[in-house]
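One file, input.csv, carrying CSV, C-alpha atoms:
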chain,number,residue,atom,x,y,z
A,1,MET,CA,-182.3,-86.7,152.1
A,2,ASN,CA,-183.3,-83.0,152.0
A,3,LYS,CA,-180.5,-80.8,150.5
A,4,LYS,CA,-182.2,-77.7,151.8
A,5,LEU,CA,-182.1,-79.1,155.4
A,6,ILE,CA,-178.4,-79.8,155.1
A,7,LYS,CA,-177.7,-76.4,153.6
A,8,GLU,CA,-179.6,-74.7,156.5
A,9,VAL,CA,-177.6,-76.4,159.3
A,10,LYS,CA,-174.3,-75.9,157.5
A,11,SER,CA,-175.0,-72.2,157.0
A,12,SER,CA,-176.2,-71.7,160.6
A,13,PHE,CA,-173.2,-73.6,162.0
A,14,LYS,CA,-170.7,-71.5,160.0
A,15,GLU,CA,-172.4,-68.3,161.1
A,16,GLN,CA,-172.3,-69.3,164.8
A,17,PHE,CA,-169.0,-71.1,165.1
A,18,LYS,CA,-167.0,-69.6,162.2
A,19,THR,CA,-165.6,-73.0,161.1
A,20,LYS,CA,-166.3,-75.8,158.7
A,21,PRO,CA,-168.4,-78.6,160.2
A,22,LEU,CA,-168.7,-82.3,159.6
A,23,LEU,CA,-172.2,-82.9,158.1
A,24,VAL,CA,-174.4,-86.0,159.0
A,25,PHE,CA,-177.9,-87.0,157.8
A,26,SER,CA,-179.8,-89.5,159.8
A,27,PRO,CA,-183.2,-90.6,158.5
A,28,GLY,CA,-186.5,-91.2,160.4
A,29,ARG,CA,-188.2,-94.5,159.8
A,30,ILE,CA,-191.5,-96.1,159.0
A,31,ASN,CA,-192.5,-99.6,159.9
A,32,LEU,CA,-194.5,-101.5,157.4
A,33,ILE,CA,-195.5,-104.2,159.8
A,34,GLY,CA,-194.3,-105.7,163.1
A,35,GLU,CA,-195.3,-103.2,165.8
A,36,HIS,CA,-194.4,-103.7,169.5
A,37,THR,CA,-192.5,-106.9,168.5
A,38,ASP,CA,-189.0,-105.5,168.8
A,39,TYR,CA,-188.8,-105.6,172.6
A,40,ASN,CA,-190.2,-109.1,172.4
A,41,ASP,CA,-187.1,-110.3,170.5
A,42,GLY,CA,-189.4,-110.6,167.5
A,43,PHE,CA,-189.5,-109.6,163.8
A,44,ALA,CA,-190.3,-106.2,162.2
A,45,PHE,CA,-190.3,-104.7,158.8
A,46,PRO,CA,-188.9,-101.1,159.1
A,47,ALA,CA,-187.4,-98.9,156.4
A,48,ALA,CA,-185.5,-95.6,156.6
A,49,ILE,CA,-187.2,-92.7,154.8
A,50,ASN,CA,-186.2,-89.5,153.0
A,51,LYS,CA,-187.1,-87.3,156.0
A,52,GLY,CA,-184.7,-87.0,158.9
A,53,ILE,CA,-182.2,-85.0,161.0
A,54,GLY,CA,-179.4,-82.9,159.5
A,55,LEU,CA,-176.5,-82.3,161.8
A,56,ALA,CA,-173.4,-80.0,161.5
A,57,ILE,CA,-170.8,-80.7,164.2
A,58,SER,CA,-167.1,-80.0,165.0
A,59,LYS,CA,-164.8,-80.1,168.0
A,60,SER,CA,-165.0,-77.1,170.3
A,61,GLU,CA,-162.0,-74.8,171.0
A,62,SER,CA,-163.6,-73.7,174.3
A,63,ASN,CA,-164.1,-75.7,177.5
A,64,LYS,CA,-167.8,-76.3,176.8
A,65,SER,CA,-170.1,-77.9,174.3
A,66,SER,CA,-172.8,-75.9,172.6
A,67,VAL,CA,-175.7,-77.5,170.7
A,68,CYS,CA,-178.3,-75.5,168.8
A,69,ALA,CA,-181.7,-77.0,167.9
A,70,LEU,CA,-182.4,-74.8,164.8
A,71,ASN,CA,-186.1,-75.7,164.5
A,72,LYS,CA,-186.8,-74.7,168.0
A,73,ASN,CA,-184.4,-71.7,168.0
A,74,GLU,CA,-182.8,-73.1,171.3
A,75,ILE,CA,-179.2,-73.3,172.3
A,76,TYR,CA,-177.9,-75.5,175.1
A,77,ASP,CA,-174.4,-75.2,176.6
A,78,PHE,CA,-172.9,-77.9,178.8
A,79,LYS,CA,-169.6,-79.7,179.8
A,80,THR,CA,-169.1,-83.2,178.7
A,81,GLU,CA,-167.9,-84.3,182.1
A,82,ASN,CA,-170.5,-85.2,184.8
A,83,VAL,CA,-173.4,-85.4,182.3
A,84,LYS,CA,-176.8,-86.1,183.9
A,85,PRO,CA,-180.4,-86.2,182.6
A,86,LEU,CA,-182.4,-83.0,182.9
A,87,GLU,CA,-185.9,-82.8,184.2
A,88,ASP,CA,-188.1,-82.0,181.2
A,89,GLY,CA,-185.0,-81.8,179.1
A,90,GLY,CA,-186.7,-82.7,175.8
A,91,TRP,CA,-184.3,-82.9,172.9
A,92,ARG,CA,-181.3,-82.1,175.2
A,93,ASN,CA,-181.7,-85.4,177.0
A,94,TYR,CA,-181.2,-87.4,173.8
A,95,VAL,CA,-177.9,-85.5,173.1
A,96,LEU,CA,-176.8,-85.8,176.7
A,97,GLY,CA,-177.8,-89.5,176.7
A,98,VAL,CA,-175.6,-90.2,173.7
A,99,VAL,CA,-172.6,-88.4,175.3
A,100,ALA,CA,-173.1,-90.2,178.6
A,101,GLU,CA,-173.5,-93.7,177.1
A,102,LEU,CA,-170.3,-93.2,175.0
A,103,GLN,CA,-168.4,-92.3,178.2
A,104,MET,CA,-169.9,-95.4,180.0
A,105,ALA,CA,-168.6,-97.5,177.1
A,106,GLY,CA,-165.1,-96.1,177.7
A,107,LYS,CA,-165.1,-93.8,174.7
A,108,PRO,CA,-163.6,-90.4,175.4
A,109,VAL,CA,-165.8,-87.5,174.0
A,110,GLY,CA,-164.4,-84.0,174.1
A,111,ASP,CA,-166.3,-80.8,173.9
A,112,PHE,CA,-168.1,-80.1,170.6
A,113,ASN,CA,-170.3,-77.6,168.8
A,114,ALA,CA,-173.4,-78.7,166.9
A,115,VAL,CA,-176.4,-77.4,165.0
A,116,PHE,CA,-179.2,-79.7,164.0
A,117,SER,CA,-182.5,-79.4,162.3
A,118,GLY,CA,-185.1,-81.9,161.1
A,119,ASN,CA,-188.1,-82.4,158.8
A,120,ILE,CA,-189.7,-85.4,160.6
A,121,PRO,CA,-193.1,-84.4,161.9
A,122,GLY,CA,-193.0,-84.6,165.7
A,123,GLY,CA,-195.2,-87.3,167.4
A,124,ALA,CA,-195.9,-88.9,164.0
A,125,GLY,CA,-194.3,-92.3,164.9
A,126,MET,CA,-191.4,-91.8,162.5
A,127,SER,CA,-188.8,-91.9,165.2
A,128,SER,CA,-187.3,-88.4,165.2
A,129,SER,CA,-185.7,-89.4,168.5
A,130,ALA,CA,-183.8,-92.3,167.0
A,131,ALA,CA,-182.7,-90.1,164.1
A,132,LEU,CA,-181.4,-87.5,166.5
A,133,GLU,CA,-179.5,-90.0,168.7
A,134,ASN,CA,-178.0,-91.7,165.6
A,135,SER,CA,-176.9,-88.4,164.1
A,136,PHE,CA,-175.0,-87.5,167.2
A,137,VAL,CA,-173.5,-90.9,167.9
A,138,TYR,CA,-172.4,-91.1,164.2
A,139,GLY,CA,-171.0,-87.6,164.2
A,140,LEU,CA,-169.2,-87.9,167.5
A,141,ASN,CA,-167.8,-91.3,166.5
A,142,LYS,CA,-166.3,-89.8,163.3
A,143,LEU,CA,-165.2,-86.5,165.0
A,144,PHE,CA,-163.3,-88.2,167.9
A,145,LYS,CA,-162.2,-91.3,166.0
A,146,LEU,CA,-164.0,-93.6,168.5
A,147,GLY,CA,-163.8,-96.6,166.2
A,148,LEU,CA,-167.4,-97.8,166.8
A,149,SER,CA,-169.2,-100.0,164.3
A,150,LYS,CA,-172.8,-99.1,163.2
A,151,SER,CA,-174.0,-102.1,165.4
A,152,GLU,CA,-172.3,-100.6,168.4
A,153,MET,CA,-173.5,-97.1,167.7
A,154,ILE,CA,-177.2,-98.1,167.7
A,155,LEU,CA,-176.8,-99.8,171.1
A,156,ILE,CA,-175.5,-96.4,172.4
A,157,SER,CA,-178.5,-94.7,170.9
A,158,GLN,CA,-180.9,-97.2,172.4
A,159,LYS,CA,-179.3,-96.9,175.9
A,160,ALA,CA,-179.6,-93.1,175.6
A,161,GLU,CA,-183.4,-93.5,175.0
A,162,HIS,CA,-183.7,-95.9,178.0
A,163,ASN,CA,-181.6,-94.0,180.5
A,164,TYR,CA,-182.1,-90.4,179.5
A,165,ALA,CA,-185.5,-90.3,177.9
A,166,GLY,CA,-187.1,-93.0,180.1
A,167,VAL,CA,-188.5,-95.0,177.2
A,168,LYS,CA,-187.6,-98.7,177.3
A,169,CYS,CA,-187.7,-99.0,173.5
A,170,GLY,CA,-186.6,-102.0,171.5
A,171,ILE,CA,-183.8,-101.7,168.8
A,172,MET,CA,-185.9,-101.3,165.7
A,173,ASP,CA,-186.0,-97.5,165.4
A,174,GLN,CA,-182.3,-97.0,165.8
A,175,TYR,CA,-181.5,-100.0,163.6
A,176,ALA,CA,-183.7,-98.9,160.7
A,177,SER,CA,-182.4,-95.3,160.8
A,178,MET,CA,-178.8,-96.5,160.8
A,179,PHE,CA,-178.9,-99.4,158.4
A,180,GLY,CA,-181.6,-98.3,155.9
A,181,VAL,CA,-181.3,-99.4,152.2
A,182,LYS,CA,-182.6,-97.3,149.3
A,183,LYS,CA,-186.0,-98.6,147.9
A,184,SER,CA,-186.0,-101.4,150.4
A,185,ALA,CA,-187.5,-102.5,153.7
A,186,LEU,CA,-185.5,-104.5,156.3
A,187,LEU,CA,-186.8,-107.8,157.6
A,188,LEU,CA,-185.3,-107.3,161.1
A,189,ASP,CA,-184.7,-110.1,163.6
A,190,CYS,CA,-184.7,-108.2,166.8
A,191,ARG,CA,-183.0,-111.0,168.8
A,192,THR,CA,-179.9,-111.3,166.6
A,193,VAL,CA,-180.1,-107.7,165.5
A,194,THR,CA,-179.6,-108.7,161.9
A,195,SER,CA,-181.7,-107.9,158.8
A,196,GLN,CA,-182.3,-108.9,155.3
A,197,PRO,CA,-183.2,-106.1,152.8
A,198,TYR,CA,-186.3,-106.7,150.6
A,199,LYS,CA,-186.6,-104.5,147.6
A,200,ILE,CA,-190.3,-103.8,147.3
A,201,ASP,CA,-192.2,-102.9,144.1
A,202,PHE,CA,-195.5,-101.3,145.2
A,203,LYS,CA,-196.5,-101.3,141.5
A,204,ASP,CA,-199.5,-98.9,141.0
A,205,TYR,CA,-199.5,-98.0,144.7
A,206,LYS,CA,-197.5,-95.7,146.9
A,207,LEU,CA,-197.1,-95.1,150.6
A,208,MET,CA,-199.2,-92.4,152.3
A,209,LEU,CA,-198.7,-91.4,155.9
A,210,ILE,CA,-201.6,-89.7,157.5
A,211,ASN,CA,-200.7,-87.9,160.8
A,212,SER,CA,-203.7,-87.6,163.2
A,213,ASN,CA,-201.8,-84.7,164.8
A,214,VAL,CA,-202.7,-86.1,168.2
A,215,LYS,CA,-200.5,-87.5,170.9
A,216,HIS,CA,-202.5,-88.8,173.9
A,217,ASP,CA,-200.6,-88.6,177.2
A,218,LEU,CA,-200.9,-92.3,177.8
A,219,SER,CA,-198.1,-93.2,175.3
A,220,GLU,CA,-194.9,-93.5,177.4
A,221,SER,CA,-196.4,-95.1,180.5
A,222,ALA,CA,-198.6,-97.4,178.4
A,223,TYR,CA,-195.5,-98.4,176.3
A,224,ASN,CA,-193.6,-99.4,179.4
A,225,ASP,CA,-196.7,-101.1,180.9
A,226,ARG,CA,-197.1,-103.3,177.8
A,227,ARG,CA,-193.4,-104.2,177.9
A,228,GLU,CA,-193.9,-105.3,181.5
A,229,VAL,CA,-196.9,-107.5,180.6
A,230,CYS,CA,-194.9,-109.2,177.8
A,231,GLU,CA,-192.0,-109.9,180.2
A,232,LYS,CA,-194.3,-111.2,182.9
A,233,VAL,CA,-196.1,-113.6,180.4
A,234,SER,CA,-192.7,-114.8,179.1
A,235,GLU,CA,-191.5,-115.6,182.6
A,236,LEU,CA,-194.7,-117.6,183.3
A,237,LEU,CA,-194.0,-119.6,180.1
A,238,HIS,CA,-190.3,-120.0,181.1
A,239,ILE,CA,-189.1,-118.5,177.8
A,240,ASP,CA,-186.7,-115.6,177.0
A,241,ALA,CA,-189.3,-113.6,175.1
A,242,LEU,CA,-192.7,-113.9,173.4
A,243,ARG,CA,-191.0,-114.5,170.1
A,244,ASP,CA,-190.6,-118.1,171.4
A,245,ALA,CA,-194.3,-118.6,172.2
A,246,SER,CA,-197.1,-120.1,170.2
A,247,LYS,CA,-200.8,-119.6,170.8
A,248,GLU,CA,-200.9,-123.2,172.2
A,249,ASP,CA,-198.3,-122.2,174.8
A,250,LEU,CA,-200.2,-119.2,175.7
A,251,ASP,CA,-203.5,-121.1,176.0
A,252,ARG,CA,-201.8,-123.4,178.6
A,253,ILE,CA,-201.4,-120.5,181.1
A,254,LYS,CA,-204.6,-118.7,180.2
A,255,SER,CA,-206.1,-119.3,183.6
A,256,GLU,CA,-203.1,-117.8,185.3
A,257,ILE,CA,-203.3,-114.4,183.7
A,258,THR,CA,-206.0,-111.7,183.1
A,259,ASP,CA,-207.9,-111.7,179.8
A,260,GLU,CA,-206.3,-108.3,179.1
A,261,ASP,CA,-202.8,-109.7,179.4
A,262,TYR,CA,-203.8,-112.8,177.4
A,263,GLN,CA,-205.0,-110.6,174.5
A,264,LYS,CA,-201.8,-108.5,174.6
A,265,ALA,CA,-199.5,-111.5,174.5
A,266,LEU,CA,-201.7,-113.1,171.7
A,267,TYR,CA,-201.3,-109.9,169.7
A,268,VAL,CA,-197.5,-110.2,169.8
A,269,ILE,CA,-197.5,-113.8,168.8
A,270,ASN,CA,-199.9,-113.1,165.9
A,271,GLU,CA,-197.9,-110.0,164.7
A,272,ASN,CA,-194.7,-112.0,164.5
A,273,SER,CA,-196.5,-114.4,162.3
A,274,ARG,CA,-197.8,-111.6,160.1
A,275,VAL,CA,-194.3,-110.2,159.6
A,276,LYS,CA,-193.1,-113.6,158.2
A,277,GLN,CA,-196.2,-113.8,156.0
A,278,PHE,CA,-195.4,-110.3,154.8
A,279,SER,CA,-191.9,-111.2,153.7
A,280,GLU,CA,-193.3,-114.3,151.8
A,281,ALA,CA,-195.8,-112.1,150.0
A,282,ILE,CA,-193.0,-109.7,148.9
A,283,LYS,CA,-191.1,-112.7,147.5
A,284,LYS,CA,-194.3,-113.8,145.6
A,285,ASP,CA,-194.9,-110.2,144.5
A,286,ASP,CA,-198.4,-110.5,146.0
A,287,ILE,CA,-199.3,-106.9,146.8
A,288,GLU,CA,-202.9,-107.8,147.8
A,289,VAL,CA,-201.7,-109.9,150.7
A,290,LEU,CA,-199.5,-107.1,151.9
A,291,GLY,CA,-202.5,-104.8,152.1
A,292,ASP,CA,-204.6,-107.4,153.9
A,293,LEU,CA,-201.9,-108.0,156.5
A,294,LEU,CA,-201.8,-104.3,157.2
A,295,TYR,CA,-205.5,-104.3,158.1
A,296,GLN,CA,-205.0,-107.4,160.2
A,297,SER,CA,-202.2,-105.7,162.1
A,298,HIS,CA,-204.3,-102.7,162.9
A,299,GLU,CA,-207.1,-104.8,164.1
A,300,GLY,CA,-204.7,-106.5,166.6
A,301,LEU,CA,-203.2,-103.3,167.7
A,302,SER,CA,-206.6,-101.7,168.3
A,303,THR,CA,-208.6,-104.6,169.9
A,304,ASN,CA,-205.9,-106.9,171.4
A,305,TYR,CA,-203.0,-104.6,172.3
A,306,LYS,CA,-205.2,-101.6,172.8
A,307,VAL,CA,-202.7,-98.9,171.7
A,308,SER,CA,-204.9,-97.2,169.1
A,309,CYS,CA,-207.3,-94.3,169.6
A,310,ALA,CA,-210.4,-92.9,168.0
A,311,GLU,CA,-208.5,-90.8,165.5
A,312,LEU,CA,-206.4,-93.7,164.2
A,313,ASP,CA,-209.3,-96.1,164.1
A,314,PHE,CA,-211.3,-93.5,162.1
A,315,LEU,CA,-208.5,-93.1,159.5
A,316,VAL,CA,-208.2,-96.9,159.0
A,317,GLU,CA,-212.0,-97.2,158.6
A,318,ARG,CA,-212.0,-94.5,155.9
A,319,ALA,CA,-209.2,-96.4,154.1
A,320,LYS,CA,-211.2,-99.7,154.3
A,321,GLU,CA,-214.1,-98.0,152.6
A,322,ASN,CA,-212.0,-96.9,149.7
A,323,PRO,CA,-211.4,-99.5,146.9
A,324,ASN,CA,-208.2,-97.5,145.9
A,325,VAL,CA,-206.5,-98.3,149.2
A,326,LEU,CA,-205.0,-101.8,149.6
A,327,GLY,CA,-204.3,-101.7,153.3
A,328,ALA,CA,-203.8,-99.4,156.3
A,329,ARG,CA,-202.8,-99.5,159.9
A,330,MET,CA,-201.6,-97.3,162.8
A,331,MET,CA,-197.9,-97.1,162.9
A,332,GLY,CA,-195.6,-96.5,165.9
A,333,GLY,CA,-196.1,-96.8,169.7
A,334,GLY,CA,-199.8,-95.7,169.4
A,335,PHE,CA,-202.3,-93.4,171.1
A,336,GLY,CA,-201.8,-90.9,168.2
A,337,GLY,CA,-199.3,-90.4,165.4
A,338,CYS,CA,-199.8,-91.8,161.9
A,339,THR,CA,-201.5,-94.4,159.9
A,340,ILE,CA,-199.6,-95.9,157.0
A,341,ASN,CA,-201.6,-96.6,153.8
A,342,LEU,CA,-201.0,-98.2,150.5
A,343,VAL,CA,-202.8,-96.0,148.0
A,344,LYS,CA,-203.2,-96.1,144.3
A,345,LYS,CA,-200.9,-93.5,142.7
A,346,ASP,CA,-203.5,-92.0,140.4
A,347,GLU,CA,-206.0,-91.7,143.3
A,348,PHE,CA,-203.5,-90.3,145.8
A,349,LYS,CA,-204.6,-86.7,145.7
A,350,LYS,CA,-208.3,-87.6,145.8
A,351,PHE,CA,-208.0,-89.9,148.8
A,352,LYS,CA,-205.8,-87.3,150.6
A,353,LYS,CA,-208.5,-84.6,150.0
A,354,ASP,CA,-211.5,-86.8,151.0
A,355,THR,CA,-209.8,-88.1,154.1
A,356,ALA,CA,-208.7,-84.7,155.3
A,357,LYS,CA,-212.2,-83.3,154.8
A,358,LYS,CA,-213.9,-86.2,156.7
A,359,PHE,CA,-211.3,-86.1,159.5
A,360,ARG,CA,-211.8,-82.3,160.0
A,361,LYS,CA,-215.6,-82.8,160.1
A,362,ARG,CA,-215.4,-85.6,162.6
A,363,PHE,CA,-212.7,-84.2,165.0
A,364,GLU,CA,-212.8,-80.5,164.3
A,365,LYS,CA,-209.0,-80.4,163.6
A,366,ASP,CA,-206.8,-81.1,160.7
A,367,CYS,CA,-204.8,-84.2,159.9
A,368,SER,CA,-201.5,-84.0,157.8
A,369,VAL,CA,-200.7,-86.1,154.8
A,370,TYR,CA,-197.2,-87.1,153.6
A,371,SER,CA,-195.7,-89.3,150.9
A,372,VAL,CA,-192.4,-90.9,151.7
A,373,LYS,CA,-189.7,-92.8,149.9
A,374,LEU,CA,-187.6,-95.7,151.3
A,375,SER,CA,-184.1,-94.3,151.8
A,376,ARG,CA,-180.5,-95.0,152.8
A,377,GLY,CA,-179.5,-95.0,156.5
A,378,THR,CA,-177.3,-92.6,158.6
A,379,ARG,CA,-174.4,-91.2,156.7
A,380,ILE,CA,-171.8,-88.4,156.2
A,381,VAL,CA,-172.9,-85.8,153.7
A,382,LYS,CA,-170.1,-84.4,151.5
Written as structure tokens, that's how I'd like the structure from this file.
Amino acid sequence: MNKKLIKEVKSSFKEQFKTKPLLVFSPGRINLIGEHTDYNDGFAFPAAINKGIGLAISKSESNKSSVCALNKNEIYDFKTENVKPLEDGGWRNYVLGVVAELQMAGKPVGDFNAVFSGNIPGGAGMSSSAALENSFVYGLNKLFKLGLSKSEMILISQKAEHNYAGVKCGIMDQYASMFGVKKSALLLDCRTVTSQPYKIDFKDYKLMLINSNVKHDLSESAYNDRREVCEKVSELLHIDALRDASKEDLDRIKSEITDEDYQKALYVINENSRVKQFSEAIKKDDIEVLGDLLYQSHEGLSTNYKVSCAELDFLVERAKENPNVLGARMMGGGFGGCTINLVKKDEFKKFKKDTAKKFRKRFEKDCSVYSVKLSRGTRIVK
């Protein structure tokens, strides 16, 4: 958690609303492995990180709600009754979505004032949207004594994303942000929505995120398209989700689907298997296998699922060339955002500098590099 971030939202809130707020921190997340498996009832390996959203919130004495996005220097006023999605609403739709979904669940939400700010890089695949949704659902739950459990809160956040942001996301982002455990990743079963924390010792290595700083326009429509493909193939196989399929099952219907759809379904089946292998490698303390599985995951995302792009492929190729990097892959929905890399601690700065230089030369723009720590989930800040 960033203390400076919390201090900023608290101070801005007091200045604007002249009262003491409730303070919430909600982290972003990384996903070590298990991409696009969550909406297939599969397995993933996310972790909350030490970057996130800081929220200051209190009940409103007036007959309206007022929310300030500090980073953007924007304020939005609205009434909590008759909430509807806005066209091109951006961050406002995430807030409105949470309010609307709470009301749909029969939870009365009164008017409130809020200030929020974040230090999650936008479009980097670290789920700033889930962190924002979770911060508001957590804060409103506490403020209005709604009595929701964390498990109920993440479903509210997910529905807000579906119905107000138009992204039919799985549950992984909201779950990891809410339930994160310090220094641990969560082996998440997306069907039962339960997880097991795995404390990971990366030994002489640490996590590096390299943000390509590109977000190709394909991302949202392509995400929903891939979800439809997975559902269609599951239907043909007479199963609930691709989590239940094997390669042998898929081969039986190969003639009934296009090769593109076959490759996409095959990726999901293989990725679920990789997540299980990843958890076994952690138990055995086999860090080499972890790295190899990251490379395999990227290969599948790029060639089978086709959600990578030239910039992400370039970054992974540079990692492969470097003996001080154990593994790398694109992370998140795809078509831009970040790669996640396991880099030797004492070579971290050199790899960062070399990669940034090569990336600038190839694409004539800069990439950004971050190191992150595995963190606790959404919580009240005292």
Just how far from atom CA of A:Lys168 is atom CA of A:Leu140, in Å to one decimal?
-> 23.5 Å
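Checking A:Lys206, A:Arg318, A:Lys254, A:His216 one by one against A:Leu342, counting all atoms listed in the file, you find the shortest gap at A:Lys206.
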Pull the closest atom pair for each residue of stretch 203-268 of chain A that gets at most 12 Å from stretch 190-197 of chain A, along with the distance in Å to one decimal, counting only C-alpha atoms, ordering rows by chain and then ascending residue number, as JSON lines.
{"residue": "A:Asp240", "atom": "CA", "partner": "A:Arg191", "partner_atom": "CA", "distance": 10.1}
{"residue": "A:Ala241", "atom": "CA", "partner": "A:Arg191", "partner_atom": "CA", "distance": 9.3}
{"residue": "A:Leu242", "atom": "CA", "partner": "A:Arg191", "partner_atom": "CA", "distance": 11.1}
{"residue": "A:Arg243", "atom": "CA", "partner": "A:Arg191", "partner_atom": "CA", "distance": 8.8}
{"residue": "A:Asp244", "atom": "CA", "partner": "A:Arg191", "partner_atom": "CA", "distance": 10.7}
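Nearest residue to A:Val381 among A:Ala319, A:Ile30, A:Leu55, A:Leu290 is A:Leu55, counting all atoms listed in the file.
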Could you work out how far atom CA of A:Asp261 lies from atom CA of A:Ala222, giving the answer in Å with one decimal?
-> 13.0 Å
May I have the centre and edge lengths, in Å to one decimal, of an axis-aligned box around the listed atoms of stretch 125-135 of chain A with 4 Å added to every side, as AutoDock Vina command-line options?
--center_x -185.6 --center_y -89.9 --center_z 165.6 --size_x 25.4 --size_y 12.8 --size_z 14.2
With distances taken over all atoms listed in the file, which of A:His36, A:Gly52, A:Glu364, A:Ile75 is nearest to A:Gln16?
->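 Checking each candidate against A:Gln16, we get A:Ile75 as the closest.
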List the neighbours of stretch 366-378 of chain A out to 8 Å using all atoms listed in the file; skip same-chain residues closer than 6 positions along the sequence, and give me the result as a PyMOL selection string.
-> chain A and resi 1+24-27+47-51+134-135+138+176-185+206-213+352+356+359-360
Counting all atoms listed in the file, which of A:Met153, A:Leu187, A:Val95, A:Ala44 gets nearest to A:Val83?
->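 Closest candidate: A:Val95.
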A:Asp111 environment, 7 Å, all atoms listed in the file, sequence neighbours closer than 2 positions dropped, as a VMD selection string = chain A and resid 59 to 60 63 to 65 79 to 80 109
Go through A:Asn224, A:Ser157, A:Gln174, A:Asn324 one by one, measure the shortest atom-to-atom distance of each to A:Val307 using all atoms listed in the file, and give the residue with the smallest value.
->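 Using all atoms listed in the file, A:Val307 sits closest to A:Asn224.
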Record the distance separating atom CA of A:Leu326 and atom CA of A:Gln277, expressed in Å with one decimal.
->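 Between atom CA of A:Leu326 and atom CA of A:Gln277 the gap is 16.2 Å.
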Pick out the closest residue to A:Asp346 from this set: A:Asn119, A:Ile380, A:Lys203, A:Val289. Count only C-alpha atoms.
->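 Of A:Asn119, A:Ile380, A:Lys203, A:Val289, the one nearest A:Asp346 is A:Lys203, counting only C-alpha atoms.
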Leaving out stretch 327-330 of chain A and any residue of its chain fewer than 5 positions from it, which residues lie within 7 Å of it when counting all atoms listed in the file, given as a ChimeraX atom specification?
-> /A:291-292,294-295,297-298,312,316,319,338-342
So which residues touch A:Asn31 within 7 Å, counting only C-alpha atoms, skipping near sequence neighbours fewer than 5 positions away, as a PyMOL selection string?
-> chain A and resi 45-47+331
Just want the 10 Å neighbourhood of A:Lys142, counted on all atoms listed in the file, with same-chain residues fewer than 3 positions away dropped. Output as a short mmCIF file (atom, residue, chain, number, x, y, z; two decimals) with C-alpha atoms, keeping the file's coordinate frame.
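Below is the file selection.cif, written as the result:
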data_model
loop_
_atom_site.label_atom_id
_atom_site.label_comp_id
_atom_site.auth_asym_id
_atom_site.auth_seq_id
_atom_site.Cartn_x
_atom_site.Cartn_y
_atom_site.Cartn_z
CA LEU A 22 -168.70 -82.30 159.60
CA VAL A 24 -174.40 -86.00 159.00
CA SER A 58 -167.10 -80.00 165.00
CA PHE A 136 -175.00 -87.50 167.20
CA VAL A 137 -173.50 -90.90 167.90
CA TYR A 138 -172.40 -91.10 164.20
CA GLY A 139 -171.00 -87.60 164.20
CA LYS A 145 -162.20 -91.30 166.00
CA LEU A 146 -164.00 -93.60 168.50
CA GLY A 147 -163.80 -96.60 166.20
CA LEU A 148 -167.40 -97.80 166.80
CA ILE A 380 -171.80 -88.40 156.20
#
